[in-house]
$ cat coords-v7.cif   # mmCIF, C-alpha atoms
data_input
#
loop_
_atom_site.group_PDB
_atom_site.id
_atom_site.type_symbol
_atom_site.label_atom_id
_atom_site.label_comp_id
_atom_site.auth_asym_id
_atom_site.auth_seq_id
_atom_site.Cartn_x
_atom_site.Cartn_y
_atom_site.Cartn_z
ATOM 1 C CA MET A 1 123.978 82.643 74.794
ATOM 2 C CA ARG A 2 123.054 82.152 78.453
ATOM 3 C CA ARG A 3 124.637 85.470 79.309
ATOM 4 C CA LEU A 4 122.597 87.232 76.654
ATOM 5 C CA VAL A 5 119.332 85.697 77.889
ATOM 6 C CA GLY A 6 120.238 86.579 81.481
ATOM 7 C CA PHE A 7 121.089 90.142 80.502
ATOM 8 C CA ILE A 8 117.792 90.552 78.624
ATOM 9 C CA ALA A 9 115.831 89.129 81.584
ATOM 10 C CA LEU A 10 117.628 91.487 83.979
ATOM 11 C CA ALA A 11 116.974 94.483 81.722
ATOM 12 C CA LEU A 12 113.259 93.630 81.520
ATOM 13 C CA PHE A 13 113.041 93.141 85.281
ATOM 14 C CA LEU A 14 114.730 96.457 86.041
ATOM 15 C CA GLY A 15 112.678 98.259 83.401
ATOM 16 C CA LEU A 16 109.355 97.019 84.795
ATOM 17 C CA ALA A 17 110.170 97.434 88.495
ATOM 18 C CA PRO A 18 109.233 101.159 88.760
ATOM 19 C CA SER A 19 105.771 100.546 87.280
ATOM 20 C CA HIS A 20 104.966 98.094 90.088
ATOM 21 C CA ALA A 21 106.210 100.454 92.807
ATOM 22 C CA GLN A 22 103.621 103.166 92.140
ATOM 23 C CA GLN A 23 100.574 103.281 94.385
ATOM 24 C CA PRO A 24 97.175 103.457 92.703
ATOM 25 C CA GLN A 25 95.192 106.618 93.321
ATOM 26 C CA LEU A 26 92.404 106.391 95.862
ATOM 27 C CA PRO A 27 88.912 107.046 94.553
ATOM 28 C CA THR A 28 87.518 110.477 95.306
ATOM 29 C CA ILE A 29 84.041 110.650 96.803
ATOM 30 C CA THR A 30 81.963 113.835 96.818
ATOM 31 C CA PRO A 31 80.269 114.373 100.179
ATOM 32 C CA PRO A 32 76.509 114.966 100.169
ATOM 33 C CA PRO A 33 75.103 118.501 100.546
ATOM 34 C CA GLY A 34 75.251 119.800 104.120
ATOM 35 C CA VAL A 35 78.449 117.930 104.985
ATOM 36 C CA LYS A 36 81.864 119.585 105.131
ATOM 37 C CA VAL A 37 84.784 117.138 104.997
ATOM 38 C CA THR A 38 88.279 118.273 105.998
ATOM 39 C CA PRO A 39 91.180 115.872 105.358
ATOM 40 C CA LEU A 40 93.756 115.942 108.164
ATOM 41 C CA VAL A 41 96.156 113.188 107.042
ATOM 42 C CA THR A 42 96.180 111.818 103.505
ATOM 43 C CA ASP A 43 98.047 108.872 102.024
ATOM 44 C CA ALA A 44 100.205 108.004 105.051
ATOM 45 C CA GLN A 45 101.788 104.569 104.582
ATOM 46 C CA VAL A 46 100.764 101.963 107.150
ATOM 47 C CA SER A 47 103.956 100.571 108.659
ATOM 48 C CA GLY A 48 104.470 96.899 107.962
ATOM 49 C CA VAL A 49 101.808 96.734 105.232
ATOM 50 C CA ALA A 50 103.041 97.668 101.773
ATOM 51 C CA ASP A 51 99.723 98.206 99.967
ATOM 52 C CA LYS A 52 97.729 100.034 102.680
ATOM 53 C CA VAL A 53 97.406 103.761 103.355
ATOM 54 C CA PHE A 54 95.902 105.650 106.295
ATOM 55 C CA VAL A 55 93.513 108.596 105.809
ATOM 56 C CA LEU A 56 92.206 110.748 108.686
ATOM 57 C CA LEU A 57 89.419 113.292 108.171
ATOM 58 C CA THR A 58 86.748 115.235 110.002
ATOM 59 C CA ALA A 59 83.124 115.633 108.928
ATOM 60 C CA GLU A 60 80.936 118.573 109.951
ATOM 61 C CA PHE A 61 77.194 118.190 109.501
ATOM 62 C CA ALA A 62 74.692 121.002 108.993
ATOM 63 C CA PRO A 63 72.233 121.664 111.852
ATOM 64 C CA ASN A 64 69.681 118.835 112.064
ATOM 65 C CA GLY A 65 71.767 116.906 109.519
ATOM 66 C CA GLY A 66 73.254 113.469 109.789
ATOM 67 C CA THR A 67 73.828 110.259 107.937
ATOM 68 C CA THR A 68 71.044 108.461 106.124
ATOM 69 C CA GLU A 69 72.080 104.988 107.189
#

$ encode --input "coords-v7.cif" --output "structure tokens"
Amino acid sequence: MRRLVGFIALALFLGLAPSHAQQPQLPTITPPPGVKVTPLVTDAQVSGVADKVFVLLTAEFAPNGGTTE
């Protein structure tokens, strides 16, 4: 009986493991008018931190444009 319970627990653990390994998608944000955003590096894993990603981008503003904050 113990073997059966152990086998069932192992099967559940192995069956659920891949669902926890997937990274959630990052939210997409639409830049405001007059700003051109170019991604350079997307979704690079941060070494030593399992749940963090690194994103590098450039932003080009229209003439006389800028941020509002």

$ residues_around --input "coords-v7.cif" --residues "stretch 56-67 of chain A" --least-positions-apart "2" --cutoff "7 Å" --atoms "all atoms listed in the file" --output "short mmCIF file (atom, residue, chain, number, x, y, z; two decimals) with C-alpha atoms, in the coordinates of the input"
data_model
loop_
_atom_site.label_atom_id
_atom_site.label_comp_id
_atom_site.auth_asym_id
_atom_site.auth_seq_id
_atom_site.Cartn_x
_atom_site.Cartn_y
_atom_site.Cartn_z
CA GLY A 34 75.25 119.80 104.12
CA VAL A 35 78.45 117.93 104.98
CA LYS A 36 81.86 119.58 105.13
CA VAL A 37 84.78 117.14 105.00
CA THR A 38 88.28 118.27 106.00
CA PRO A 39 91.18 115.87 105.36
CA LEU A 40 93.76 115.94 108.16
CA VAL A 41 96.16 113.19 107.04
CA THR A 42 96.18 111.82 103.50
CA PHE A 54 95.90 105.65 106.30
CA GLU A 69 72.08 104.99 107.19
#

$ atom_distance --input "coords-v7.cif" --atom1 "atom CA of A:Gln45" --atom2 "atom CA of A:Ile29"
20.3 Å

$ atom_distance --input "coords-v7.cif" --atom1 "atom CA of A:Ala50" --atom2 "atom CA of A:Pro31"
28.3 Å

$ axis_aligned_box --input "coords-v7.cif" --around "stretch 35-38 of chain A" --padding-each-side "4 Å" --output "AutoDock Vina command-line options"
--center_x 83.4 --center_y 118.4 --center_z 105.5 --size_x 17.8 --size_y 10.4 --size_z 9.0
